[in-house]
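Undergrad: Hey, dropping start14.txt in here, compact mmCIF, C-alpha atoms:
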# COMPACT_ATOMS: atom_id res chain seq x y z
CA MET A 11 -33.55 -62.98 9.13
CA ASN A 12 -34.08 -60.13 11.53
CA SER A 13 -30.49 -60.00 12.69
CA LYS A 14 -29.37 -60.10 9.08
CA ILE A 15 -31.33 -56.93 8.34
CA ILE A 16 -29.82 -55.22 11.36
CA LEU A 17 -26.31 -56.23 10.35
CA VAL A 18 -26.84 -55.07 6.77
CA ASN A 19 -28.10 -51.71 8.02
CA ILE A 20 -25.20 -51.22 10.42
CA PHE A 21 -22.78 -52.07 7.63
CA ARG A 22 -24.60 -49.63 5.32
CA TRP A 23 -24.43 -46.89 7.98
CA PHE A 24 -20.67 -47.21 8.35
CA LEU A 25 -20.07 -47.49 4.62
CA LEU A 26 -22.20 -44.48 3.64
CA LEU A 27 -20.90 -42.23 6.41
CA PHE A 28 -17.36 -43.27 5.57
CA ILE A 29 -17.87 -42.36 1.91
CA GLN A 30 -19.59 -39.09 2.86
CA ILE A 31 -16.93 -37.92 5.30
CA LEU A 32 -13.86 -39.17 3.49
CA LEU A 33 -14.78 -38.55 -0.12
CA LEU A 34 -17.88 -36.44 -0.71
CA ARG A 35 -17.07 -33.82 1.93
CA ASN A 36 -14.31 -32.55 -0.33
CA LEU A 37 -16.39 -32.72 -3.50
CA SER A 38 -18.34 -29.82 -4.93
CA PHE A 39 -19.04 -28.10 -8.23
CA TYR A 40 -18.17 -24.40 -7.93
CA SER A 41 -19.31 -24.52 -4.28
CA LEU A 42 -22.84 -24.83 -5.66
CA ALA A 43 -23.63 -28.52 -5.73
CA THR A 44 -22.50 -30.65 -2.78
CA PRO A 45 -23.81 -34.21 -2.53
CA PHE A 46 -25.10 -35.70 0.73
CA VAL A 47 -25.41 -39.37 -0.13
CA TYR A 48 -25.48 -40.62 3.47
CA ILE A 49 -29.25 -39.98 3.55
CA LEU A 50 -29.61 -43.14 1.43
CA PHE A 51 -29.18 -45.05 4.69
CA LEU A 52 -32.29 -43.38 6.14
CA LEU A 53 -34.22 -43.98 2.91
CA LEU A 54 -33.45 -47.71 2.94
CA LEU A 55 -34.36 -48.52 6.55
CA PRO A 56 -36.90 -51.39 6.70
CA PHE A 57 -40.64 -50.64 6.42
CA LYS A 58 -41.39 -52.19 9.79
CA THR A 59 -39.07 -49.95 11.81
CA PRO A 60 -41.13 -48.24 14.57
CA ASN A 61 -41.52 -44.49 14.17
CA LEU A 62 -39.70 -43.63 17.40
CA LEU A 63 -36.75 -45.81 16.40
CA LEU A 64 -36.66 -44.13 12.99
CA TYR A 65 -36.45 -40.73 14.62
CA LEU A 66 -33.78 -41.85 17.08
CA ILE A 67 -31.67 -43.34 14.28
CA ALA A 68 -32.05 -40.17 12.19
CA PHE A 69 -31.13 -38.05 15.19
CA ALA A 70 -28.00 -40.10 15.91
CA THR A 71 -26.96 -40.15 12.25
CA GLY A 72 -27.44 -36.40 11.94
CA LEU A 73 -25.49 -35.77 15.12
CA THR A 74 -22.59 -37.89 13.82
CA MET A 75 -22.54 -35.94 10.56
CA ASP A 76 -22.69 -32.68 12.48
CA ALA A 77 -19.67 -33.67 14.52
CA PHE A 78 -17.66 -34.25 11.35
CA TYR A 79 -18.99 -31.18 9.54
CA ASP A 80 -18.75 -28.86 12.59
CA THR A 81 -22.37 -27.80 12.17
CA LEU A 82 -24.09 -28.85 15.36
CA GLY A 83 -27.84 -29.31 14.87
CA VAL A 84 -28.04 -28.65 11.14
CA HIS A 85 -27.76 -32.21 9.85
CA THR A 86 -29.72 -33.46 12.86
CA THR A 87 -32.73 -31.29 12.05
CA ALA A 88 -32.50 -32.10 8.35
CA CYS A 89 -32.42 -35.86 9.02
CA VAL A 90 -35.41 -35.63 11.38
CA THR A 91 -37.34 -33.75 8.69
CA LEU A 92 -36.41 -36.42 6.16
CA VAL A 93 -37.80 -39.13 8.42
CA PHE A 94 -41.07 -37.23 8.82
CA VAL A 95 -41.44 -36.98 5.03
CA ARG A 96 -40.51 -40.64 4.70
CA ILE A 97 -43.15 -41.78 7.20
CA SER A 98 -45.84 -39.58 5.65
CA PHE A 99 -45.08 -40.72 2.11
CA ILE A 100 -44.99 -44.41 3.01
CA ALA A 101 -48.24 -44.09 4.99
CA LEU A 102 -49.94 -42.56 1.96
CA THR A 103 -48.64 -44.87 -0.75
CA VAL A 104 -47.92 -48.29 0.78
CA ASN A 105 -50.51 -50.58 2.33
CA LYS A 106 -49.31 -51.02 5.88
CA ASP A 107 -51.04 -54.32 6.70
CA ASN A 108 -49.26 -56.49 4.23
CA PHE A 109 -45.80 -55.37 3.35
CA ASP A 110 -44.65 -57.48 0.46
CA GLU A 111 -41.11 -56.22 0.67
CA PRO A 112 -38.90 -55.65 3.70
CA GLU A 113 -37.08 -52.54 2.49
CA PRO A 114 -38.01 -49.60 0.23
CA THR A 115 -35.25 -50.20 -2.33
CA LEU A 116 -35.41 -49.46 -6.03
CA GLY A 117 -35.43 -53.16 -6.86
CA ASN A 118 -38.31 -53.86 -4.49
CA MET A 119 -40.57 -50.91 -5.20
CA GLY A 120 -39.91 -50.05 -8.84
CA PHE A 121 -38.29 -47.02 -10.40
CA LYS A 122 -41.35 -44.76 -10.39
CA TRP A 123 -42.18 -45.15 -6.72
CA PHE A 124 -38.58 -44.98 -5.60
CA SER A 125 -37.73 -41.89 -7.64
CA ILE A 126 -40.68 -39.90 -6.22
CA TYR A 127 -39.86 -41.15 -2.72
CA ALA A 128 -36.18 -40.25 -3.01
CA THR A 129 -36.90 -36.85 -4.59
CA LEU A 130 -39.32 -35.78 -1.85
CA CYS A 131 -37.06 -36.96 0.95
CA THR A 132 -33.89 -35.48 -0.55
CA PHE A 133 -35.35 -32.04 -1.13
CA ALA A 134 -36.94 -31.94 2.33
CA HIS A 135 -33.53 -32.78 3.79
CA HIS A 136 -31.60 -30.32 1.63
CA LEU A 137 -34.02 -27.42 2.16
CA VAL A 138 -33.69 -27.65 5.94
CA LEU A 139 -29.96 -28.30 5.69
CA PHE A 140 -29.04 -25.33 3.51
CA PHE A 141 -31.35 -22.82 5.13
CA LEU A 142 -30.24 -23.73 8.65
CA GLU A 143 -26.62 -23.62 7.53
CA THR A 144 -26.99 -20.15 6.02
CA PHE A 145 -29.32 -19.06 8.83
CA ARG A 146 -30.28 -15.78 7.20
CA LEU A 147 -32.85 -14.85 4.60
CA THR A 148 -30.82 -12.22 2.74
CA GLU A 149 -29.21 -14.93 0.62
CA PHE A 150 -32.55 -16.61 -0.07
CA SER A 151 -32.34 -17.10 -3.84
CA TYR A 152 -28.72 -18.21 -3.77
CA THR A 153 -29.41 -20.72 -1.00
CA LEU A 154 -32.38 -22.04 -2.97
CA LEU A 155 -30.20 -22.49 -6.05
CA ARG A 156 -27.56 -24.36 -4.07
CA CYS A 157 -30.26 -26.49 -2.51
CA LEU A 158 -31.73 -27.37 -5.92
CA LEU A 159 -28.41 -28.20 -7.58
CA SER A 160 -27.15 -30.19 -4.58
CA GLY A 161 -30.46 -32.06 -4.47
CA ILE A 162 -30.12 -33.05 -8.12
CA PHE A 163 -26.53 -34.15 -7.51
CA THR A 164 -27.50 -36.21 -4.46
CA LEU A 165 -30.46 -37.81 -6.28
CA PHE A 166 -28.28 -38.70 -9.22
CA LEU A 167 -25.78 -40.48 -6.96
CA ILE A 168 -28.51 -42.20 -4.92
CA ILE A 169 -30.23 -43.60 -8.01
CA LEU A 170 -26.86 -44.58 -9.46
CA ILE A 171 -26.01 -46.55 -6.31
CA GLU A 172 -29.46 -48.13 -6.26
CA PHE A 173 -29.12 -49.27 -9.87
CA MET A 174 -25.76 -50.82 -9.05
CA PHE A 175 -27.39 -53.03 -6.43
CA TYR A 176 -30.66 -53.44 -8.34
CA ASN A 177 -29.20 -55.98 -10.74
CA ARG A 178 -27.90 -58.18 -7.98
CA LYS A 179 -31.21 -58.41 -6.19
CA ALA A 180 -33.20 -59.11 -9.36
CA ARG A 181 -31.38 -62.40 -9.83
CA MET B 11 -58.12 -38.82 28.21
CA ARG B 12 -58.17 -42.15 26.40
CA ASN B 13 -59.30 -40.47 23.21
CA LEU B 14 -56.46 -38.01 23.48
CA TRP B 15 -54.01 -40.86 23.90
CA ILE B 16 -55.46 -42.60 20.83
CA PHE B 17 -55.20 -39.34 18.89
CA ILE B 18 -51.57 -38.83 19.86
CA ASN B 19 -50.75 -42.44 19.14
CA ARG B 20 -52.39 -42.29 15.72
CA TYR B 21 -50.37 -39.29 14.64
CA ASN B 22 -47.26 -40.21 16.62
CA ALA B 23 -45.02 -39.56 13.60
CA PHE B 24 -46.03 -35.91 13.67
CA PHE B 25 -45.55 -35.46 17.41
CA PHE B 26 -42.17 -37.19 17.36
CA PHE B 27 -41.27 -34.89 14.47
CA ILE B 28 -42.17 -31.80 16.50
CA ILE B 29 -40.10 -32.99 19.46
CA PHE B 30 -36.98 -33.97 17.51
CA PHE B 31 -37.20 -30.97 15.19
CA THR B 32 -37.30 -28.64 18.20
CA ILE B 33 -34.24 -30.31 19.71
CA GLY B 34 -32.42 -29.95 16.38
CA ILE B 35 -33.28 -26.27 16.05
CA TYR B 36 -32.24 -25.70 19.65
CA LEU B 37 -28.85 -27.30 18.97
CA THR B 38 -28.38 -25.19 15.85
CA VAL B 39 -29.20 -21.94 17.59
CA SER B 40 -27.05 -22.73 20.61
CA ASN B 41 -24.19 -23.59 18.28
CA ASN B 42 -24.58 -20.28 16.48
CA SER B 43 -24.28 -18.23 19.63
CA TYR B 44 -20.89 -17.29 20.93
CA GLN B 45 -20.98 -19.29 24.12
CA ARG B 46 -21.09 -22.87 22.97
CA SER B 47 -21.33 -25.41 25.74
CA VAL B 48 -21.74 -28.63 23.79
CA THR B 49 -18.66 -29.90 22.02
CA VAL B 50 -19.99 -32.19 19.33
CA ASN B 51 -17.50 -31.01 16.74
CA SER B 52 -14.05 -31.82 15.45
CA THR B 53 -12.28 -30.73 18.65
CA ASN B 54 -13.97 -33.79 20.11
CA GLU B 55 -11.48 -36.54 20.94
CA VAL B 56 -13.01 -39.20 18.70
CA VAL B 57 -13.72 -37.01 15.69
CA GLY B 58 -10.39 -35.22 15.95
CA THR B 59 -8.43 -38.46 16.09
CA ALA B 60 -10.36 -39.78 13.10
CA TYR B 61 -9.52 -36.70 11.04
CA LYS B 62 -5.88 -36.81 12.18
CA ASN B 63 -5.52 -40.34 10.85
CA LEU B 64 -7.42 -39.66 7.65
CA ASN B 65 -5.20 -36.69 6.90
CA VAL B 66 -1.98 -38.73 6.79
CA LEU B 67 -2.44 -39.65 3.13
CA LYS B 68 -3.23 -36.11 2.04
CA LYS B 69 -0.18 -34.88 3.92
CA TYR B 70 2.10 -37.13 1.88
CA ILE B 71 0.53 -36.15 -1.42
CA ASN B 72 1.03 -32.46 -0.73
CA LEU B 73 4.52 -32.88 0.70
CA GLY B 74 6.18 -31.38 -2.38
CA ASP B 75 4.10 -28.20 -2.31
CA VAL B 76 4.60 -27.78 1.42
CA ASN B 77 8.35 -28.16 0.96
CA ASP B 78 8.38 -25.52 -1.76
CA SER B 79 6.41 -23.01 0.29
CA LEU B 80 8.63 -23.59 3.33
CA ALA B 81 11.75 -23.13 1.23
CA ALA B 82 10.35 -19.92 -0.23
CA GLU B 83 9.50 -18.61 3.23
CA ASN B 84 12.95 -19.61 4.48
CA ALA B 85 14.59 -17.68 1.68
CA LYS B 86 12.47 -14.63 2.41
CA LEU B 87 13.31 -14.73 6.10
CA LYS B 88 17.02 -15.19 5.37
CA THR B 89 16.96 -12.15 3.11
CA GLU B 90 15.35 -10.12 5.86
CA LEU B 91 17.86 -11.39 8.38
CA LEU B 92 20.72 -10.43 6.09
CA ALA B 93 19.28 -6.94 5.71
CA LEU B 94 19.03 -6.59 9.47
CA ASN B 95 22.57 -7.85 10.10
CA SER B 96 24.10 -5.50 7.58
CA ILE B 97 22.98 -2.39 9.41
CA ASP B 98 26.31 -0.89 10.48
CA SER B 99 27.80 -3.91 12.15
CA ALA B 100 30.87 -1.96 13.27
CA LYS B 101 28.86 0.05 15.71
CA ASN B 102 27.20 -2.62 17.75
CA VAL B 103 24.22 -1.16 19.51
CA VAL B 104 21.73 -3.40 21.17
CA VAL B 105 18.25 -2.01 20.87
CA LYS B 106 15.85 -3.58 23.30
CA ASP B 107 12.46 -2.95 21.81
CA THR B 108 10.80 -5.46 24.07
CA LEU B 109 7.27 -4.24 23.59
CA ASN B 110 6.78 -4.09 19.84
CA LYS B 111 8.98 -7.03 19.01
CA SER B 112 7.32 -9.44 21.30
CA GLN B 113 3.73 -8.32 21.08
CA TYR B 114 3.00 -11.14 18.67
CA THR B 115 4.32 -14.68 18.90
CA TYR B 116 3.67 -17.29 16.28
CA LEU B 117 2.85 -20.94 16.80
CA SER B 118 2.86 -23.30 13.85
CA ALA B 119 0.07 -25.87 13.51
CA ARG B 120 -0.90 -28.53 11.02
CA VAL B 121 -4.34 -28.53 9.40
CA ILE B 122 -6.05 -31.88 9.98
CA LYS B 123 -9.46 -31.01 8.58
CA ASN B 124 -10.54 -28.37 6.12
CA SER B 125 -13.48 -27.64 3.86
CA ILE B 126 -14.21 -25.05 1.19
CA ALA B 127 -17.51 -26.25 -0.23
CA LEU B 128 -19.88 -25.20 2.56
CA ARG B 129 -21.42 -21.88 3.47
CA ASN B 130 -19.63 -21.91 6.82
CA ASN B 131 -16.26 -23.56 6.65
CA ILE B 132 -14.34 -24.71 9.71
CA ILE B 133 -10.70 -25.77 9.83
CA THR B 134 -9.35 -28.07 12.54
CA ILE B 135 -5.69 -27.92 13.64
CA ASN B 136 -3.54 -30.15 15.82
CA ARG B 137 -2.86 -27.63 18.59
CA GLY B 138 -4.98 -26.93 21.64
CA SER B 139 -5.12 -25.36 25.05
CA ALA B 140 -2.03 -27.39 26.05
CA ASP B 141 -0.09 -25.26 23.56
CA GLY B 142 -1.57 -22.05 24.90
CA ILE B 143 -4.22 -21.55 22.24
CA GLN B 144 -7.29 -19.59 23.22
CA SER B 145 -10.56 -18.83 21.53
CA GLY B 146 -10.44 -15.66 19.38
CA MET B 147 -6.77 -15.79 18.38
CA ALA B 148 -5.89 -14.84 14.81
CA VAL B 149 -4.57 -17.43 12.36
CA ILE B 150 -2.51 -16.79 9.22
CA SER B 151 -0.78 -19.02 6.70
CA ALA B 152 2.86 -18.97 5.62
CA GLY B 153 3.47 -15.85 3.55
CA LYS B 154 -0.01 -15.71 2.10
CA GLY B 155 -2.08 -14.14 4.76
CA VAL B 156 -5.28 -14.30 6.67
CA VAL B 157 -6.88 -17.66 7.50
CA GLY B 158 -9.35 -16.97 10.30
CA TYR B 159 -9.99 -16.93 14.04
CA ILE B 160 -9.77 -19.70 16.64
CA ARG B 161 -13.26 -20.85 17.54
CA ASP B 162 -13.32 -23.86 19.91
CA VAL B 163 -10.36 -25.24 21.80
CA SER B 164 -9.88 -28.64 23.39
CA GLU B 165 -6.73 -29.95 25.04
CA HIS B 166 -4.84 -30.95 21.88
CA LEU B 167 -7.07 -29.67 19.08
CA ALA B 168 -8.68 -26.43 18.02
CA THR B 169 -11.13 -25.34 15.34
CA ILE B 170 -10.67 -22.22 13.24
CA GLU B 171 -13.54 -20.18 11.93
CA SER B 172 -12.16 -19.89 8.42
CA LEU B 173 -12.38 -16.67 6.42
CA LEU B 174 -14.91 -18.68 4.40
CA HIS B 175 -17.53 -18.37 7.15
CA LYS B 176 -20.53 -16.09 7.42
CA ASP B 177 -19.51 -14.71 10.83
CA THR B 178 -15.86 -13.96 10.04
CA LYS B 179 -15.11 -10.28 9.51
CA VAL B 180 -11.65 -8.73 9.24
CA SER B 181 -10.81 -5.04 9.17
CA VAL B 182 -8.61 -4.43 6.12
CA THR B 183 -6.98 -1.53 4.36
CA LEU B 184 -5.79 -0.85 0.80
CA LYS B 185 -2.08 -0.22 0.42
CA LYS B 186 -2.23 2.70 -2.02
CA ASN B 187 -4.76 5.01 -0.40
CA ASN B 188 -5.34 3.51 3.05
CA ALA B 189 -9.06 3.12 2.47
CA MET B 190 -10.56 1.02 5.25
CA GLY B 191 -13.20 -1.64 4.90
CA THR B 192 -14.54 -4.89 6.26
CA LEU B 193 -13.54 -8.14 4.62
CA VAL B 194 -16.36 -10.67 4.27
CA TRP B 195 -16.88 -13.80 2.22
CA GLY B 196 -19.86 -15.29 0.45
CA THR B 197 -22.21 -12.38 -0.10
CA LYS B 198 -22.19 -12.64 -3.89
CA ASN B 199 -20.79 -16.07 -4.56
CA PHE B 200 -19.15 -18.92 -2.69
CA ASP B 201 -15.92 -19.04 -4.65
CA TYR B 202 -13.14 -19.82 -2.17
CA ARG B 203 -10.68 -17.68 -4.15
CA LYS B 204 -12.73 -14.48 -3.93
CA ALA B 205 -13.84 -12.25 -1.08
CA TYR B 206 -15.44 -8.83 -0.71
CA ILE B 207 -14.56 -5.64 1.10
CA LYS B 208 -17.66 -3.89 2.30
CA ASP B 209 -18.22 -0.39 3.67
CA VAL B 210 -15.50 1.41 1.73
CA PRO B 211 -16.45 5.10 1.44
CA ASN B 212 -17.46 6.09 -2.11
CA HIS B 213 -14.99 8.97 -2.53
CA PHE B 214 -11.91 6.72 -2.66
CA LYS B 215 -10.45 5.97 -6.08
CA ILE B 216 -9.66 2.29 -5.95
CA ALA B 217 -6.90 0.99 -8.23
CA LEU B 218 -7.19 -2.45 -9.76
CA LYS B 219 -4.54 -4.94 -8.54
CA ASP B 220 -4.01 -2.87 -5.40
CA THR B 221 -2.83 -5.01 -2.49
CA VAL B 222 -5.14 -5.50 0.47
CA VAL B 223 -3.61 -5.93 3.93
CA THR B 224 -5.04 -6.16 7.43
CA SER B 225 -5.52 -2.82 9.16
CA SER B 226 -4.30 -1.86 12.58
CA TYR B 227 -7.89 -2.08 13.85
CA SER B 228 -8.10 -5.79 13.18
CA HIS B 229 -7.30 -8.63 15.55
CA PHE B 230 -4.43 -9.47 13.22
CA PRO B 231 -1.05 -7.77 13.31
CA PRO B 232 -1.26 -4.84 10.85
CA GLY B 233 0.07 -5.43 7.34
CA ILE B 234 -0.73 -9.13 6.96
CA LEU B 235 -1.43 -9.86 3.29
CA VAL B 236 -4.99 -10.61 2.26
CA GLY B 237 -5.43 -10.31 -1.49
CA ARG B 238 -5.52 -8.17 -4.60
CA VAL B 239 -8.35 -5.96 -5.89
CA SER B 240 -10.01 -7.60 -8.90
CA ASN B 241 -13.20 -5.58 -9.35
CA THR B 242 -13.94 -2.11 -8.05
CA GLY B 243 -16.99 -0.08 -7.33
CA ILE B 244 -19.79 -2.53 -6.89
CA SER B 245 -22.25 0.16 -5.86
CA THR B 246 -24.59 -0.55 -3.00
CA GLY B 247 -26.71 2.56 -3.56
CA ASP B 248 -25.55 4.48 -0.49
CA ASN B 249 -22.32 6.19 0.55
CA PHE B 250 -20.31 2.97 0.62
CA MET B 251 -19.10 0.62 -2.05
CA THR B 252 -18.11 -3.01 -2.22
CA ILE B 253 -14.84 -4.21 -3.73
CA GLU B 254 -14.17 -7.69 -5.03
CA ILE B 255 -10.72 -9.14 -4.30
CA ASP B 256 -8.76 -12.26 -5.20
CA LEU B 257 -7.42 -13.91 -2.08
CA PHE B 258 -3.72 -14.78 -1.95
CA ASN B 259 -4.49 -17.76 0.22
CA ASP B 260 -5.54 -20.96 -1.50
CA PHE B 261 -7.83 -22.51 1.09
CA SER B 262 -8.11 -25.77 -0.85
CA THR B 263 -4.45 -26.67 -0.27
CA LEU B 264 -3.97 -25.33 3.24
CA GLN B 265 -1.53 -27.57 5.16
CA TYR B 266 0.29 -25.50 7.78
CA VAL B 267 -0.91 -22.36 9.56
CA TYR B 268 0.44 -20.00 12.22
CA VAL B 269 -1.60 -19.12 15.27
CA ILE B 270 -0.80 -15.60 16.49
CA LYS B 271 -0.65 -14.93 20.19
CA ASP B 272 -1.18 -11.25 20.91
CA LYS B 273 0.31 -10.38 24.29
CA LEU B 274 -1.56 -7.11 24.52
CA ALA B 275 -4.92 -8.58 23.57
CA GLN B 276 -6.18 -8.94 27.13
CA GLU B 277 -4.90 -5.55 28.16
CA GLN B 278 -6.59 -3.92 25.17
CA LYS B 279 -9.82 -5.74 25.84
CA ALA B 280 -9.84 -4.74 29.51
CA LEU B 281 -9.12 -1.13 28.61
CA GLU B 282 -11.86 -0.97 26.00
CA LEU B 283 -14.38 -2.48 28.35
CA LYS B 284 -14.09 0.67 30.46
CA LEU B 285 -15.46 2.78 27.63
CA PRO B 286 -19.12 3.66 27.86
CA ASN B 287 -21.21 1.65 25.44
CA GLU B 288 -22.05 4.02 22.63
CA GLN B 289 -24.47 1.87 20.73
In structure tokens, how does this file's structure come out?
TA:
Amino acid sequence: MNSKIILVNIFRWFLLLFIQILLLRNLSFYSLATPFVYILFLLLLPFKTPNLLLYLIAFATGLTMDAFYDTLGVHTTACVTLVFVRISFIALTVNKDNFDEPEPTLGNMGFKWFSIYATLCTFAHHLVLFFLETFRLTEFSYTLLRCLLSGIFTLFLIILIEFMFYNRKAR
Amino acid sequence: MRNLWIFINRYNAFFFFIIFFTIGIYLTVSNNSYQRSVTVNSTNEVVGTAYKNLNVLKKYINLGDVNDSLAAENAKLKTELLALNSIDSAKNVVVKDTLNKSQYTYLSARVIKNSIALRNNIITINRGSADGIQSGMAVISAGKGVVGYIRDVSEHLATIESLLHKDTKVSVTLKKNNAMGTLVWGTKNFDYRKAYIKDVPNHFKIALKDTVVTSSYSHFPPGILVGRVSNTGISTGDNFMTIEIDLFNDFSTLQYVYVIKDKLAQEQKALELKLPNEQ
């Protein structure tokens, strides 16, 4: 059971990063909205993952993305922030002593919980990402706009992917 | 002491966050500074090889366009050659202008990674220090002008700080009235077909559709094409104005570029270092 979860997560890591680097890196609407769907991997890590491991995984994932995007540190910091939001949100909303479900997927947790969870995590990630990438405050409003539109784009794709797999798990 | 340990352990998520966030910020800042020591980027062996292999498909798809542009450039060069040969061939004088002719040498390179959607776009090419490429060299594309500057170099790969980057600035001039300015990208919008010329003195009358070329102050050879004026006189409220231009270069379909080696670059740099710092 345990090794199955690990294998699924490794497979998911490769698949999502592959899609992100090969396909979504070249995709944007008027240079305003750019999706970063690879964060779905961090969202779907099992509930019982220790905090330190979560941070290490996020750090490694961010560093890999940075290598492919030539933005050392930007994705890393954004991913670490995402994990912090994830841990805080799960600690507040899910009873830690008896996890009914292994992973925080849409099928397991319901649409309402998952959409709030994904929204908070995505915008935390995108805020850090875009402001560190720009690294100056003179373009504040424009960066905020890009962050908002990209966040909506990412969320749309994340929920789309989750619904695709939702039906399979419900059976 | 035990209470402190319990406290830290209880809020470990927060403390881990502080630690990892600090490392991330440190990496970002160190990457932004000029001297970068860590090479986690696409000049890295693994990442570079990955991009090289991924680019094979794209290369085939764009083969037609690349052929056309090469043919066009060939024709242009042949015309120039013809013009040179026809200068009084009866009187055969060999002019050895060794300095000006050989100040710049060009090295062709293939783009293996490119982006246009980000705030700071980086291009990776398949040439490196083994081909004599150094950080800071200028890069242009075939017939269409400015691409950017070399940023990081590894043995067989190099990254280019594209014109579509917040730190890239090029000194340019307008063909009709020689007004000087600084070419930047992304101050008003992030359209990869548009750029802006800042710091043009207000008294110049700027003509629409005027051609913009690199000036002799830039790190590029003078007269390299940049773009065409599309909107004049965006007032900044002081003695300088901003001009919007359409770039000749289409960064979304960039396949081959030329790296320019300037033989006098080091000499110029050494000479200018002797000047007292006036700032």
Undergrad: Could you pull the residues within 12 Å of Asn63 of chain B, counting all atoms listed in the file, minus those fewer than 5 positions along the same chain, as a list in words?
TA: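 Once the adjacent positions are removed, what remains is Leu32 of chain A; Val56, Val57, Gly58, Lys68, Lys69, Val121, Ile122, Lys123 and Asn136 of chain B.
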Undergrad: Once you have the residues from the selection above, write them out as a tab-separated table (two decimals), keeping the file's coordinate frame, restricted to C-alpha atoms.
TA:
chain	number	residue	atom	x	y	z
A	32	LEU	CA	-13.86	-39.17	3.49
B	56	VAL	CA	-13.01	-39.20	18.70
B	57	VAL	CA	-13.72	-37.01	15.69
B	58	GLY	CA	-10.39	-35.22	15.95
B	68	LYS	CA	-3.23	-36.11	2.04
B	69	LYS	CA	-0.18	-34.88	3.92
B	121	VAL	CA	-4.34	-28.53	9.40
B	122	ILE	CA	-6.05	-31.88	9.98
B	123	LYS	CA	-9.46	-31.01	8.58
B	136	ASN	CA	-3.54	-30.15	15.82
Undergrad: What is the atom CA of Thr192 of chain B to atom CA of Tyr206 of chain B distance in Å?
TA: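 It comes out at 8.1 Å.
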Undergrad: Find the residues of chain B in contact range of chain A, meaning any atom within 9 Å when counting all atoms listed in the file, and list them as a PyMOL selection string.
TA: chain B and resi 22-24+26-27+30-42+48-54+57-58+61+64+124-132+169+176+197-202
Undergrad: Can you measure atom CA of Val104 of chain A to atom CA of Phe124 of chain A for me? One decimal in Å is fine.
TA: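 Between atom CA of Val104 of chain A and atom CA of Phe124 of chain A the gap is 11.8 Å.
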Undergrad: Quick check, in Å to one decimal: how far apart do atom CA of Leu53 of chain A and atom CA of Tyr127 of chain A lie?
TA: 8.5 Å
Undergrad: Within 6 Å of segment 234-242 of chain B, counting all atoms listed in the file, which residues show up once you throw out same-chain ones fewer than 3 positions away? Write them as an mmCIF file with C-alpha atoms, in the coordinates of the input, please.
TA:
data_model
loop_
_atom_site.group_PDB
_atom_site.id
_atom_site.type_symbol
_atom_site.label_atom_id
_atom_site.label_comp_id
_atom_site.auth_asym_id
_atom_site.auth_seq_id
_atom_site.Cartn_x
_atom_site.Cartn_y
_atom_site.Cartn_z
ATOM 1 C CA GLY B 155 -2.080 -14.140 4.760
ATOM 2 C CA VAL B 156 -5.280 -14.300 6.670
ATOM 3 C CA LEU B 218 -7.190 -2.450 -9.760
ATOM 4 C CA LYS B 219 -4.540 -4.940 -8.540
ATOM 5 C CA ASP B 220 -4.010 -2.870 -5.400
ATOM 6 C CA THR B 221 -2.830 -5.010 -2.490
ATOM 7 C CA VAL B 222 -5.140 -5.500 0.470
ATOM 8 C CA VAL B 223 -3.610 -5.930 3.930
ATOM 9 C CA THR B 224 -5.040 -6.160 7.430
ATOM 10 C CA ILE B 253 -14.840 -4.210 -3.730
ATOM 11 C CA GLU B 254 -14.170 -7.690 -5.030
ATOM 12 C CA ILE B 255 -10.720 -9.140 -4.300
ATOM 13 C CA ASP B 256 -8.760 -12.260 -5.200
ATOM 14 C CA LEU B 257 -7.420 -13.910 -2.080
ATOM 15 C CA PHE B 258 -3.720 -14.780 -1.950
#
Undergrad: Name all residues at most 12 Å from Met251 of chain B (count all atoms listed in the file; drop same-chain ones fewer than 3 positions away) and give them as a list of chain:residue names.
TA: B:Ala189, B:Met190, B:Gly191, B:Thr192, B:Tyr206, B:Ile207, B:Lys208, B:Asp209, B:Val210, B:Pro211, B:Asn212, B:His213, B:Phe214, B:Lys215, B:Ile216, B:Asn241, B:Thr242, B:Gly243, B:Ile244, B:Ser245, B:Thr246, B:Gly247, B:Asp248, B:Glu254
Undergrad: Deliver the residues from the most recent selection as a file, using C-alpha atoms, as a short mmCIF file (atom, residue, chain, number, x, y, z; two decimals), keeping the file's coordinate frame.
TA:
data_model
loop_
_atom_site.label_atom_id
_atom_site.label_comp_id
_atom_site.auth_asym_id
_atom_site.auth_seq_id
_atom_site.Cartn_x
_atom_site.Cartn_y
_atom_site.Cartn_z
CA ALA B 189 -9.06 3.12 2.47
CA MET B 190 -10.56 1.02 5.25
CA GLY B 191 -13.20 -1.64 4.90
CA THR B 192 -14.54 -4.89 6.26
CA TYR B 206 -15.44 -8.83 -0.71
CA ILE B 207 -14.56 -5.64 1.10
CA LYS B 208 -17.66 -3.89 2.30
CA ASP B 209 -18.22 -0.39 3.67
CA VAL B 210 -15.50 1.41 1.73
CA PRO B 211 -16.45 5.10 1.44
CA ASN B 212 -17.46 6.09 -2.11
CA HIS B 213 -14.99 8.97 -2.53
CA PHE B 214 -11.91 6.72 -2.66
CA LYS B 215 -10.45 5.97 -6.08
CA ILE B 216 -9.66 2.29 -5.95
CA ASN B 241 -13.20 -5.58 -9.35
CA THR B 242 -13.94 -2.11 -8.05
CA GLY B 243 -16.99 -0.08 -7.33
CA ILE B 244 -19.79 -2.53 -6.89
CA SER B 245 -22.25 0.16 -5.86
CA THR B 246 -24.59 -0.55 -3.00
CA GLY B 247 -26.71 2.56 -3.56
CA ASP B 248 -25.55 4.48 -0.49
CA GLU B 254 -14.17 -7.69 -5.03
#
